[in-house]
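*Asks:* As input, take input.cif (mmCIF, C-alpha atoms and all ligand atoms):
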data_input
loop_
_atom_site.label_atom_id
_atom_site.label_comp_id
_atom_site.auth_asym_id
_atom_site.auth_seq_id
_atom_site.Cartn_x
_atom_site.Cartn_y
_atom_site.Cartn_z
CA MET A 1 15.36 14.24 9.87
CA GLU A 2 14.55 15.58 6.45
CA MET A 3 10.84 15.68 5.77
CA ILE A 4 11.04 16.09 2.00
CA GLY A 5 8.67 13.80 0.17
CA HIS A 6 7.89 12.81 -3.40
CA GLY A 7 8.05 15.75 -5.78
CA GLY A 8 10.70 17.46 -3.65
CA LYS A 9 8.22 19.17 -1.34
CA GLU A 10 7.82 18.99 2.44
CA ILE A 11 5.62 16.04 3.50
CA ILE A 12 1.99 17.13 3.55
CA GLU A 13 0.22 16.93 6.87
CA ARG A 14 -3.32 18.23 6.94
CA VAL A 15 -4.56 17.18 10.35
CA MET A 16 -6.28 19.57 12.74
CA SER A 17 -5.53 19.53 16.45
CA LYS A 18 -8.34 18.22 18.62
CA ASP A 19 -9.25 21.62 20.08
CA ALA A 20 -9.26 23.29 16.69
CA ALA A 21 -11.33 20.43 15.24
CA LEU A 22 -13.95 20.62 18.00
CA LYS A 23 -14.30 24.36 17.45
CA ARG A 24 -14.42 24.01 13.67
CA VAL A 25 -17.06 21.28 13.76
CA ALA A 26 -19.24 23.41 16.03
CA GLU A 27 -18.90 26.33 13.59
CA LEU A 28 -19.66 24.16 10.57
CA LYS A 29 -22.71 22.68 12.23
CA ALA A 30 -23.95 26.13 13.26
CA ALA A 31 -23.50 27.31 9.68
CA LYS A 32 -25.41 24.19 8.53
CA VAL A 33 -22.76 23.29 5.95
CA LYS A 34 -23.39 20.39 3.63
CA THR A 35 -22.40 16.98 4.89
CA LEU A 36 -21.47 13.76 3.12
CA ASP A 37 -20.89 10.40 4.77
CA VAL A 38 -18.00 8.59 3.09
CA ARG A 39 -17.53 4.87 2.53
CA LEU A 40 -14.46 2.88 3.62
CA GLN A 41 -12.74 3.26 0.23
CA MET A 42 -12.78 7.06 0.47
CA ALA A 43 -12.07 7.12 4.21
CA THR A 44 -8.87 5.14 3.62
CA GLU A 45 -7.62 7.61 1.02
CA ILE A 46 -8.60 10.63 3.12
CA ILE A 47 -6.32 9.30 5.87
CA ASP A 48 -3.54 8.71 3.33
CA ILE A 49 -3.85 12.24 1.96
CA ALA A 50 -4.04 13.88 5.38
CA TYR A 51 -0.83 12.28 6.68
CA GLY A 52 1.21 12.70 3.53
CA PHE A 53 1.32 9.12 2.26
CA PHE A 54 0.26 10.68 -1.07
CA SER A 55 2.44 13.82 -0.83
CA PRO A 56 2.45 16.21 -2.63
CA LEU A 57 -1.32 15.62 -3.03
CA GLU A 58 -3.31 17.75 -0.61
CA GLY A 59 -6.68 16.38 -1.59
CA PHE A 60 -8.63 14.48 -4.22
CA MET A 61 -7.68 15.14 -7.81
CA THR A 62 -9.30 17.70 -10.05
CA LYS A 63 -10.11 16.92 -13.67
CA ALA A 64 -6.84 18.51 -14.81
CA ASP A 65 -4.87 16.16 -12.54
CA VAL A 66 -6.82 13.06 -13.57
CA GLU A 67 -6.29 13.83 -17.26
CA SER A 68 -2.62 14.54 -16.81
CA VAL A 69 -2.11 11.36 -14.75
CA CYS A 70 -3.80 9.31 -17.46
CA ASN A 71 -2.09 10.94 -20.44
CA ASN A 72 1.34 11.95 -19.15
CA MET A 73 1.78 10.08 -15.86
CA THR A 74 2.31 13.41 -14.08
CA LEU A 75 0.15 15.72 -12.01
CA ALA A 76 -1.30 18.77 -13.76
CA ASP A 77 1.95 20.66 -13.10
CA GLY A 78 3.43 18.52 -15.88
CA LYS A 79 6.47 17.65 -13.74
CA THR A 80 5.50 15.60 -10.70
CA VAL A 81 5.31 11.92 -11.62
CA TRP A 82 2.01 10.32 -10.60
CA SER A 83 0.57 7.15 -12.07
CA ILE A 84 -2.81 6.36 -10.49
CA PRO A 85 -5.78 8.76 -10.18
CA ILE A 86 -6.90 9.47 -6.61
CA ILE A 87 -10.56 10.30 -6.96
CA TYR A 88 -13.68 11.02 -4.96
CA ASP A 89 -16.92 9.87 -6.57
CA ILE A 90 -20.56 10.77 -5.95
CA SER A 91 -23.79 9.90 -7.76
CA SER A 92 -25.60 12.62 -9.72
CA GLU A 93 -28.62 12.15 -7.44
CA ASP A 94 -26.60 12.58 -4.24
CA LEU A 95 -24.78 15.55 -5.71
CA GLU A 96 -28.06 17.22 -6.61
CA LYS A 97 -29.67 16.34 -3.29
CA SER A 98 -26.71 17.72 -1.36
CA GLY A 99 -26.71 20.98 -3.32
CA ILE A 100 -22.90 20.97 -3.30
CA LYS A 101 -21.32 23.59 -5.54
CA GLN A 102 -17.78 24.49 -6.53
CA TYR A 103 -15.90 26.29 -3.69
CA ASP A 104 -18.21 24.89 -1.00
CA GLU A 105 -16.72 23.66 2.23
CA VAL A 106 -18.20 20.22 2.98
CA LEU A 107 -18.13 18.32 6.26
CA LEU A 108 -17.28 14.67 5.65
CA THR A 109 -18.35 12.06 8.18
CA TYR A 110 -17.39 8.41 8.48
CA THR A 111 -19.68 5.96 10.24
CA GLY A 112 -21.61 9.09 11.22
CA ASN A 113 -18.74 10.81 13.04
CA PRO A 114 -17.08 14.08 11.93
CA PHE A 115 -14.04 13.08 9.93
CA ALA A 116 -12.71 15.69 7.50
CA ILE A 117 -13.33 18.97 5.70
CA PHE A 118 -13.46 18.86 1.92
CA ASP A 119 -12.90 22.14 0.02
CA ILE A 120 -14.57 21.55 -3.31
CA ALA A 121 -12.40 22.95 -6.11
CA ASP A 122 -13.83 21.02 -9.04
CA ILE A 123 -16.91 18.99 -9.96
CA PHE A 124 -16.42 16.89 -13.07
CA THR A 125 -17.00 13.72 -15.07
CA PHE A 126 -14.69 11.53 -17.13
CA ASP A 127 -14.89 8.61 -19.50
CA LYS A 128 -14.32 5.55 -17.32
CA LYS A 129 -13.35 3.29 -20.22
CA GLU A 130 -10.69 5.72 -21.32
CA VAL A 131 -9.29 6.01 -17.80
CA ALA A 132 -9.25 2.21 -17.39
CA MET A 133 -7.43 1.80 -20.71
CA LYS A 134 -4.81 4.43 -19.91
CA VAL A 135 -4.14 3.38 -16.31
CA TYR A 136 -4.60 -0.40 -16.48
CA GLY A 137 -3.99 -1.03 -20.16
CA THR A 138 -7.30 -2.83 -20.48
CA THR A 139 -11.01 -2.13 -20.47
CA GLU A 140 -11.88 -5.62 -19.27
CA GLU A 141 -14.05 -5.65 -16.21
CA LYS A 142 -12.29 -8.69 -14.81
CA HIS A 143 -9.19 -6.59 -14.17
CA PRO A 144 -9.74 -5.47 -10.55
CA GLY A 145 -8.46 -1.92 -11.18
CA ALA A 146 -10.68 -1.46 -14.23
CA LYS A 147 -13.57 -2.92 -12.26
CA ARG A 148 -13.04 -0.41 -9.47
CA THR A 149 -13.07 2.38 -12.08
CA TYR A 150 -16.39 1.17 -13.50
CA GLN A 151 -17.86 0.91 -10.02
CA TYR A 152 -17.25 4.58 -9.32
CA GLN A 153 -20.40 6.67 -9.45
CA ASP A 154 -20.80 9.16 -12.27
CA LYS A 155 -19.63 12.50 -10.80
CA PHE A 156 -16.29 13.41 -9.20
CA LEU A 157 -15.26 16.00 -6.63
CA GLY A 158 -11.75 17.40 -6.46
CA GLY A 159 -10.24 19.56 -3.74
CA LYS A 160 -8.23 19.76 -0.54
CA ILE A 161 -8.87 17.60 2.50
CA THR A 162 -8.28 18.47 6.15
CA LEU A 163 -8.60 15.69 8.70
CA LEU A 164 -10.62 16.49 11.82
CA SER A 165 -10.41 13.21 13.63
CA PRO A 166 -7.41 10.86 13.58
CA PRO A 167 -8.16 7.20 12.94
CA LYS A 168 -8.02 4.69 15.75
CA ILE A 169 -5.98 1.85 14.27
CA ASN A 170 -7.29 -1.39 15.73
CA GLU A 171 -5.39 -4.46 16.87
CA PRO A 172 -3.25 -6.14 15.74
CA PHE A 173 -2.31 -3.28 13.37
CA THR A 174 -1.88 -0.52 15.96
CA ARG A 175 1.88 -0.74 16.39
CA PHE A 176 2.49 -1.25 12.67
CA TRP A 177 0.78 1.85 11.28
CA LEU A 178 3.18 4.78 11.21
CA THR A 179 2.59 8.06 9.39
CA PRO A 180 5.35 9.25 7.02
CA LYS A 181 6.61 11.64 9.71
CA GLN A 182 6.55 8.92 12.39
CA MET A 183 8.24 6.51 10.01
CA ARG A 184 11.11 8.95 9.46
CA GLU A 185 11.45 9.48 13.21
CA ARG A 186 11.69 5.71 13.63
CA PHE A 187 14.44 5.48 11.00
CA LYS A 188 16.30 8.22 12.83
CA GLU A 189 16.05 6.31 16.13
CA LYS A 190 17.37 3.24 14.40
CA GLY A 191 20.22 5.26 12.87
CA TRP A 192 19.22 4.15 9.39
CA GLU A 193 20.38 6.15 6.41
CA MET A 194 19.56 3.65 3.69
CA ILE A 195 16.13 2.09 3.81
CA ILE A 196 15.15 -0.63 1.37
CA ASN A 197 11.43 -1.07 1.02
CA HIS A 198 9.87 -4.46 0.46
CA GLN A 199 6.31 -4.18 -0.81
CA THR A 200 4.15 -7.07 0.22
CA ARG A 201 0.68 -8.52 0.48
CA ASN A 202 1.97 -11.98 1.32
CA VAL A 203 3.07 -14.02 4.28
CA PRO A 204 6.79 -14.63 3.77
CA HIS A 205 8.31 -17.92 2.70
CA THR A 206 12.06 -18.25 2.37
CA GLY A 207 11.90 -17.09 -1.26
CA HIS A 208 10.72 -13.69 -0.01
CA GLU A 209 13.29 -13.75 2.76
CA TRP A 210 16.08 -14.23 0.21
CA LEU A 211 14.65 -11.58 -2.11
CA MET A 212 15.07 -9.13 0.77
CA LYS A 213 18.50 -10.40 1.71
CA GLY A 214 19.63 -10.18 -1.89
CA ALA A 215 18.35 -6.60 -2.19
CA TYR A 216 20.11 -5.67 1.06
CA LEU A 217 23.42 -6.98 -0.21
CA GLY A 218 22.86 -5.34 -3.57
CA ALA A 219 22.15 -1.95 -2.02
CA TYR A 220 24.91 -2.02 0.59
CA GLY A 221 27.87 -3.76 -0.87
CA SER A 222 30.40 -4.15 1.91
CA MET A 223 29.55 -2.95 5.39
CA MET A 224 30.95 -2.88 8.89
CA VAL A 225 29.50 -5.63 11.01
CA ASP A 226 29.00 -3.45 14.08
CA LYS A 227 27.57 -0.49 12.25
CA PRO A 228 24.43 -1.24 10.31
CA ARG A 229 23.74 1.91 8.33
CA GLY A 230 20.28 0.97 7.35
CA GLY A 231 17.83 -1.81 6.96
CA ILE A 232 14.86 -3.38 5.30
CA LEU A 233 11.41 -1.93 5.73
CA VAL A 234 8.62 -4.38 5.08
CA ASN A 235 5.68 -2.16 4.30
CA ALA A 236 2.61 -4.35 4.01
CA ILE A 237 -0.32 -3.08 2.00
CA ILE A 238 -3.49 -3.31 4.05
CA GLY A 239 -6.70 -2.57 2.18
CA SER A 240 -9.59 -4.00 0.21
CA LYS A 241 -9.34 -7.75 -0.09
CA ARG A 242 -10.34 -10.32 -2.65
CA ALA A 243 -11.40 -13.86 -1.74
CA GLY A 244 -8.26 -16.01 -1.64
CA ASP A 245 -5.87 -13.19 -0.55
CA TYR A 246 -4.00 -13.71 2.70
CA ILE A 247 -5.83 -12.16 5.64
CA ASP A 248 -4.22 -8.85 6.67
CA GLU A 249 -3.49 -10.03 10.21
CA ALA A 250 -1.44 -12.99 8.97
CA ILE A 251 0.52 -10.82 6.54
CA ILE A 252 1.67 -8.31 9.13
CA LEU A 253 2.31 -10.70 12.03
CA CYS A 254 4.16 -13.25 9.88
CA GLN A 255 6.36 -10.54 8.36
CA GLU A 256 7.19 -9.32 11.86
CA ALA A 257 8.00 -12.90 12.93
CA GLN A 258 11.01 -12.96 10.58
CA GLY A 259 12.67 -10.30 12.73
CA LYS A 260 11.31 -11.56 16.04
CA TYR A 261 12.81 -15.02 15.50
CA GLY A 262 16.15 -13.84 14.20
CA TYR A 263 15.96 -14.49 10.47
CA PHE A 264 16.79 -10.81 10.26
CA ARG A 265 18.54 -8.86 12.98
CA GLU A 266 16.12 -6.52 14.66
CA ASP A 267 18.47 -3.59 14.04
CA THR A 268 18.25 -4.13 10.29
CA PHE A 269 14.59 -5.02 9.94
CA LEU A 270 11.26 -3.26 10.52
CA THR A 271 7.69 -4.24 9.68
CA THR A 272 4.99 -1.61 9.16
CA CYS A 273 1.81 -1.24 7.15
CA SER A 274 0.18 1.37 4.95
CA LEU A 275 -3.47 1.62 3.96
CA TRP A 276 -4.03 1.23 0.23
CA ASP A 277 -6.46 -0.67 -1.95
CA MET A 278 -4.34 -2.54 -4.46
CA ARG A 279 -5.28 -1.60 -8.03
CA TYR A 280 -3.11 -4.34 -9.61
CA ALA A 281 -1.93 -1.77 -12.16
CA GLY A 282 1.41 -3.57 -12.70
CA PRO A 283 3.94 -1.04 -14.03
CA ARG A 284 1.88 2.02 -13.09
CA GLU A 285 1.35 0.61 -9.63
CA ALA A 286 5.10 0.06 -9.31
CA ILE A 287 5.58 3.79 -9.91
CA PHE A 288 2.90 4.56 -7.36
CA HIS A 289 4.61 2.31 -4.79
CA ALA A 290 7.87 4.15 -5.44
CA CYS A 291 6.17 7.51 -4.70
CA LEU A 292 4.45 6.15 -1.58
CA ARG A 293 7.71 4.76 -0.18
CA THR A 294 9.60 7.95 -1.00
CA ASN A 295 7.10 9.64 1.29
CA LEU A 296 7.81 7.06 3.99
CA GLY A 297 11.48 8.07 3.83
CA CYS A 298 12.82 5.02 1.97
CA THR A 299 15.90 5.35 -0.23
CA HIS A 300 15.50 2.07 -2.16
CA HIS A 301 12.52 0.04 -3.35
CA MET A 302 12.46 -3.59 -4.43
CA PHE A 303 10.51 -4.59 -7.52
CA GLY A 304 10.09 -8.27 -8.18
CA ARG A 305 8.69 -10.34 -10.97
CA ASP A 306 5.20 -9.19 -12.02
CA HIS A 307 5.17 -6.47 -9.37
CA ALA A 308 1.55 -5.55 -8.53
CA GLY A 309 0.33 -7.41 -11.58
CA VAL A 310 -2.70 -9.62 -11.96
CA GLY A 311 -3.51 -12.46 -14.36
CA SER A 312 -1.55 -12.08 -17.57
CA TYR A 313 -2.25 -8.38 -18.16
CA TYR A 314 1.41 -7.35 -17.93
CA ASP A 315 4.69 -8.82 -19.04
CA PRO A 316 6.40 -10.02 -15.81
CA TYR A 317 9.13 -7.39 -16.19
CA ASP A 318 7.07 -4.43 -17.50
CA ALA A 319 7.13 -3.07 -13.96
CA HIS A 320 10.95 -2.91 -14.22
CA ARG A 321 11.09 -1.42 -17.71
CA ILE A 322 8.73 1.46 -16.92
CA PHE A 323 11.40 3.07 -14.71
CA ASP A 324 13.64 3.46 -17.75
CA ARG A 325 11.02 5.57 -19.44
CA LEU A 326 10.78 8.17 -16.66
CA PRO A 327 12.75 11.40 -17.03
CA LYS A 328 15.99 11.26 -15.02
CA GLY A 329 15.66 12.62 -11.51
CA SER A 330 11.87 12.44 -11.46
CA LEU A 331 11.88 9.92 -8.61
CA ASN A 332 13.82 10.33 -5.42
CA ILE A 333 14.19 6.61 -4.70
CA THR A 334 16.42 3.96 -6.23
CA PRO A 335 14.67 0.91 -7.67
CA ILE A 336 16.20 -2.51 -6.99
CA PHE A 337 15.04 -5.02 -9.55
CA ASN A 338 14.74 -8.64 -8.46
CA LEU A 339 14.68 -11.45 -10.95
CA ASP A 340 13.54 -14.95 -9.92
CA TRP A 341 14.53 -16.78 -6.76
CA TRP A 342 13.57 -20.41 -6.33
CA PHE A 343 14.27 -23.51 -4.29
CA CYS A 344 16.69 -25.92 -6.00
CA PRO A 345 16.75 -29.53 -4.76
CA VAL A 346 20.21 -30.06 -6.26
CA CYS A 347 21.79 -26.98 -4.66
CA ASP A 348 19.56 -27.86 -1.68
CA GLU A 349 18.90 -24.21 -0.98
CA VAL A 350 16.99 -21.14 -2.01
CA THR A 351 18.88 -19.75 -4.97
CA TYR A 352 18.79 -17.12 -7.67
CA MET A 353 18.30 -17.50 -11.39
CA GLY A 354 21.69 -15.86 -11.90
CA PHE A 355 23.43 -18.66 -9.95
CA CYS A 356 21.61 -21.98 -10.19
CA GLY A 357 22.35 -24.13 -13.21
CA HIS A 358 19.58 -26.65 -12.52
CA LYS A 359 16.72 -24.63 -13.90
CA ASP A 360 14.83 -27.73 -15.04
CA LYS A 361 14.86 -29.11 -11.48
CA LYS A 362 13.83 -25.91 -9.70
CA ALA A 363 10.82 -25.77 -7.42
CA SER A 364 9.29 -22.33 -7.89
CA PHE A 365 7.55 -20.75 -4.96
CA SER A 366 4.27 -20.68 -6.84
CA GLY A 367 1.24 -19.24 -5.11
CA THR A 368 -0.58 -22.51 -5.70
CA LEU A 369 2.16 -24.59 -4.06
CA ILE A 370 2.42 -22.33 -1.02
CA ARG A 371 -1.35 -22.20 -0.71
CA SER A 372 -1.65 -25.98 -0.71
CA ILE A 373 1.10 -26.23 1.95
CA ILE A 374 -0.80 -23.80 4.16
CA GLN A 375 -4.16 -25.40 3.56
CA ASP A 376 -2.76 -28.83 4.49
CA GLY A 377 -1.50 -27.30 7.72
CA VAL A 378 1.46 -29.72 7.79
CA LYS A 379 4.69 -27.95 8.66
CA PRO A 380 6.92 -27.80 5.55
CA PRO A 381 10.75 -28.01 5.65
CA ARG A 382 12.32 -24.95 7.29
CA ARG A 383 14.15 -24.22 4.05
CA ILE A 384 10.75 -23.42 2.51
CA PHE A 385 8.93 -21.88 5.45
CA ARG A 386 10.43 -20.78 8.73
CA PRO A 387 8.66 -22.84 11.42
CA GLU A 388 7.84 -19.79 13.55
CA VAL A 389 6.35 -18.04 10.53
CA PHE A 390 4.32 -21.12 9.70
CA ASP A 391 3.05 -21.39 13.30
CA MET A 392 2.05 -17.73 13.15
CA ILE A 393 0.00 -18.35 9.98
CA MET A 394 -1.89 -21.12 11.76
CA GLU A 395 -2.37 -18.96 14.85
CA CYS A 396 -3.71 -16.06 12.76
CA ALA A 397 -6.07 -18.37 10.86
CA GLU A 398 -7.60 -19.40 14.19
CA LYS A 399 -7.53 -16.03 15.90
CA TYR A 400 -8.51 -13.71 13.04
CA GLY A 401 -9.47 -15.74 9.98
CA PHE A 402 -12.36 -17.85 11.34
CA GLY A 403 -10.23 -20.94 10.73
CA ASN A 404 -8.74 -19.81 7.41
CA ALA A 405 -5.49 -18.02 6.56
CA PHE A 406 -7.10 -16.82 3.33
CA VAL A 407 -9.88 -14.31 2.87
CA THR A 408 -13.37 -15.81 2.80
CA GLU A 409 -16.80 -14.20 2.54
CA ASP A 410 -17.17 -14.91 6.23
CA TYR A 411 -13.97 -13.02 7.04
CA LEU A 412 -15.07 -10.04 4.94
CA LYS A 413 -18.35 -9.88 6.85
CA ARG A 414 -17.10 -10.52 10.37
CA ARG A 415 -13.54 -9.18 10.59
CA ASN A 416 -12.67 -6.39 12.97
CA PRO A 417 -12.19 -3.16 10.96
CA VAL A 418 -8.57 -2.04 10.53
CA PHE A 419 -9.47 1.47 11.71
CA THR A 420 -12.40 3.29 13.23
CA ILE A 421 -13.29 6.97 13.53
CA GLU A 422 -14.60 7.74 16.97
CA PRO A 423 -16.85 10.66 17.96
CA LEU A 424 -14.93 13.91 18.49
CA LYS A 425 -14.99 14.87 22.16
ZN ZN A 501 20.57 -25.53 -8.38
#
Could the structure of this file be written out as structure tokens, please?
*Replies:*
Amino acid sequence: MEMIGHGGKEIIERVMSKDAALKRVAELKAAKVKTLDVRLQMATEIIDIAYGFFSPLEGFMTKADVESVCNNMTLADGKTVWSIPIIYDISSEDLEKSGIKQYDEVLLTYTGNPFAIFDIADIFTFDKKEVAMKVYGTTEEKHPGAKRTYQYQDKFLGGKITLLSPPKINEPFTRFWLTPKQMRERFKEKGWEMIINHQTRNVPHTGHEWLMKGAYLGAYGSMMVDKPRGGILVNAIIGSKRAGDYIDEAIILCQEAQGKYGYFREDTFLTTCSLWDMRYAGPREAIFHACLRTNLGCTHHMFGRDHAGVGSYYDPYDAHRIFDRLPKGSLNITPIFNLDWWFCPVCDEVTYMGFCGHKDKKASFSGTLIRSIIQDGVKPPRRIFRPEVFDMIMECAEKYGFGNAFVTEDYLKRRNPVFTIEPLK
């Protein structure tokens, strides 16, 4: 299978074998190289870089990349489309204390265990307000992406990353986390040539189900019944959570349930997850999702209403329009734009805004409505929620959510981590 990723280059994999890593760590320790312990936010992105989720990035961005991403939506090469800065921050005090200088090789640890090597190519600062404005279109701190930018410390390190110790992905995520190379192998096993990605951070109601079915029909046109040539990849985003989000465990297991219980044939449906902290950058995040899924080997990507948006920062279809502004051929994935699907009591089915003439009677699948259905815990009609999916939400709330299907402070404190880095041995 072809291993060409975003930007037309071979998928990056910067992961050392165990023997090489053990030897390297011993050498680094003997040479008393500088060490930094990274927090979860950085650890997540180090894993993404090392396995090629962010190909062609080989490390954290330098100042030239950050500026180019902000100003031109490309990497510093001026060609490769990239929409969100991938940055490593450090406080001035820690930087000074560590004595880290340009061109140093730094040993990164996570939860105290050797994790990665960081080759420092650049040490820099930038104006956070300017970055927030250019990437998120706002300087307001209540925008979660802008807030994350302001929370970065004041110095930044750019340079290549090499992973020393692969993450142990914990249950129930283990079977869902596939690296870009593994993902492509899986597609090959399934005989898929066209892969339509569905981006999600939700448990699926029938509105989502029909979004996917509509995209499938749109991408395929006519097809032979016995020869599926491709399928739908649900790639759930697992990462930093905000109170009120669905818990990660419910998202992934409920998505899988749609295939398990036959709402999609198993030979045309696959559920996986990727690690990413949503920035809610709307249109720019849509572009980022397109790059990420190109690296996973997808050929098509669905973009719905207000894709990756938050509040009223973006027009609901800005994330569609932005694709028109990219130079032709700069992305190697075909966007599929979804308009609104809703439940119509007159048609008595889930329907599409292009079909249903009872717009004033429609029942939109609003977040608030779905949330209240779930919080009541009373099984809704199967036209709204598949009963097996609904049962799985309830099961996950009990098993993983401390009684709640939505993120609470309690969940954030007590949940099992998605991944751990174990001692090298
Ligand atoms: Zn209707």
*Asks:* Residues at most 9 Å from Ser68 in chain A, counting only C-alpha atoms, excluding those fewer than 5 positions away in the same chain, as a PyMOL selection string?
*Replies:* chain A and resi 63+73-78+82
*Asks:* Just give me the gap between CA of Trp192 in chain A and CA of Gly259 in chain A in Å, one decimal is fine.
*Replies:*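 Answer for the CA of Trp192 in chain A to CA of Gly259 in chain A separation: 16.2 Å.
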*Asks:* Give me the residues near Gly191 in chain A as a VMD selection string, where near means some atom within 9 Å (using all atoms listed in the file) and where sequence neighbours in that chain fewer than 4 positions away do not count.
*Replies:* chain A and resid 186 to 187 228 to 230
*Asks:* When distances are computed from all atoms listed in the file, which of A:Lys23, A:Ile237, A:Tyr314, A:Asn72 shows the smallest separation from Leu326 in chain A?
*Replies:*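 Once distances to Leu326 in chain A are computed over all atoms listed in the file, the minimum belongs to A:Asn72.
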*Asks:* Which residues form the shell of 6 Å around ligand ZN 501 (chain A) when you count all atoms listed in the file, given as a CSV table (one decimal) with C-alpha atoms, keeping the file's coordinate frame?
*Replies:*
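Final output, saved to result_12.csv:
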chain,number,residue,atom,x,y,z
A,344,CYS,CA,16.7,-25.9,-6.0
A,346,VAL,CA,20.2,-30.1,-6.3
A,347,CYS,CA,21.8,-27.0,-4.7
A,356,CYS,CA,21.6,-22.0,-10.2
A,357,GLY,CA,22.4,-24.1,-13.2
A,358,HIS,CA,19.6,-26.6,-12.5
*Asks:* Could you tell me how far CA of Glu185 in chain A sits from CA of Arg24 in chain A, in Å to one decimal place?
*Replies:*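 Interatomic distance, CA of Arg24 in chain A to CA of Glu185 in chain A: 29.7 Å.
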*Asks:* Would you mind telling me which residue in A:Arg383, A:Lys79, A:Arg305, A:Lys128 lies nearest to Leu339 in chain A when using all atoms listed in the file?
*Replies:*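 When distances to Leu339 in chain A are compared using all atoms listed in the file, the smallest one comes from A:Arg305.
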*Asks:* Go through A:Leu57, A:Ala50, A:Ala121, A:Ile238 one by one, measure the shortest atom-to-atom distance of each to Phe419 in chain A using only C-alpha atoms, and give the residue with the smallest value.
*Replies:* A:Ile238
*Asks:* For Asp94 in chain A, find every residue with an atom within 10 Å (counting all atoms listed in the file), except residues of its own chain fewer than 5 positions away, and show them as an MDAnalysis selection string.
*Replies:* chainID A and resid 36 99:100 155
*Asks:* Enter the distance from CA of Ile232 in chain A to CA of Ile47 in chain A, in Å, rounded to one decimal.
*Replies:*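 Going from CA of Ile232 in chain A over to CA of Ile47 in chain A, I get 24.7 Å.
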*Asks:* Which residue, A:Asn416, A:Ala64, A:Gly297, A:Asp391, has the smallest gap to Gln182 in chain A when you use all atoms listed in the file?
*Replies:* A:Gly297
*Asks:* Could you check which of A:Met42, A:Lys160, A:Ser330, A:Gly207 is closest to Gly7 in chain A, using only C-alpha atoms?
*Replies:*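 Using only C-alpha atoms, Gly7 in chain A sits closest to A:Ser330.
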*Asks:* Excluding same-chain residues fewer than 6 positions from Phe115 in chain A, what lies within 6 Å of it counting only C-alpha atoms, as an MDAnalysis selection string?
*Replies:* chainID A and resid 108:109 164:165
*Asks:* Go ahead and dump the residues you just picked, C-alpha atoms, as a PDB file, keeping the file's coordinate frame.
*Replies:*
ATOM      1  CA  LEU A 108     -17.280  14.670   5.650  1.00  0.00           C
ATOM      2  CA  THR A 109     -18.350  12.060   8.180  1.00  0.00           C
ATOM      3  CA  LEU A 164     -10.620  16.490  11.820  1.00  0.00           C
ATOM      4  CA  SER A 165     -10.410  13.210  13.630  1.00  0.00           C
TER       5      SER A 165
END
*Asks:* For Glu2 in chain A, which residue out of A:Glu193, A:Glu266, A:Asp324, A:Glu395 is the nearest one, using only C-alpha atoms?
*Replies:*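 Closest to Glu2 in chain A, using only C-alpha atoms: A:Glu193.
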*Asks:* Please provide as a PyMOL selection string all residues within 7 Å of Asp306 in chain A, with the sequence filter that same-chain residues fewer than 5 positions apart are discarded (counting only C-alpha atoms).
*Replies:* chain A and resi 282+316-317+319
*Asks:* How would you write as a list in words the residues that get within 9 Å of (-19.8, 9.5, 13.5) in the file's frame, counting only C-alpha atoms?
*Replies:*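 Here is the list of nearby residues: Asp37, Thr109, Tyr110, Thr111, Gly112, Asn113, Pro114, Phe115, Ile421, Glu422, Pro423 and Leu424 of chain A.
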*Asks:* Within 9 Å of (-9.3, 19.8, -3.7), all atoms listed in the file: residues as a list of chain:residue names?
*Replies:* A:Glu58, A:Gly59, A:Phe60, A:Met61, A:Thr62, A:Phe118, A:Asp119, A:Ile120, A:Ala121, A:Asp122, A:Leu157, A:Gly158, A:Gly159, A:Lys160, A:Ile161
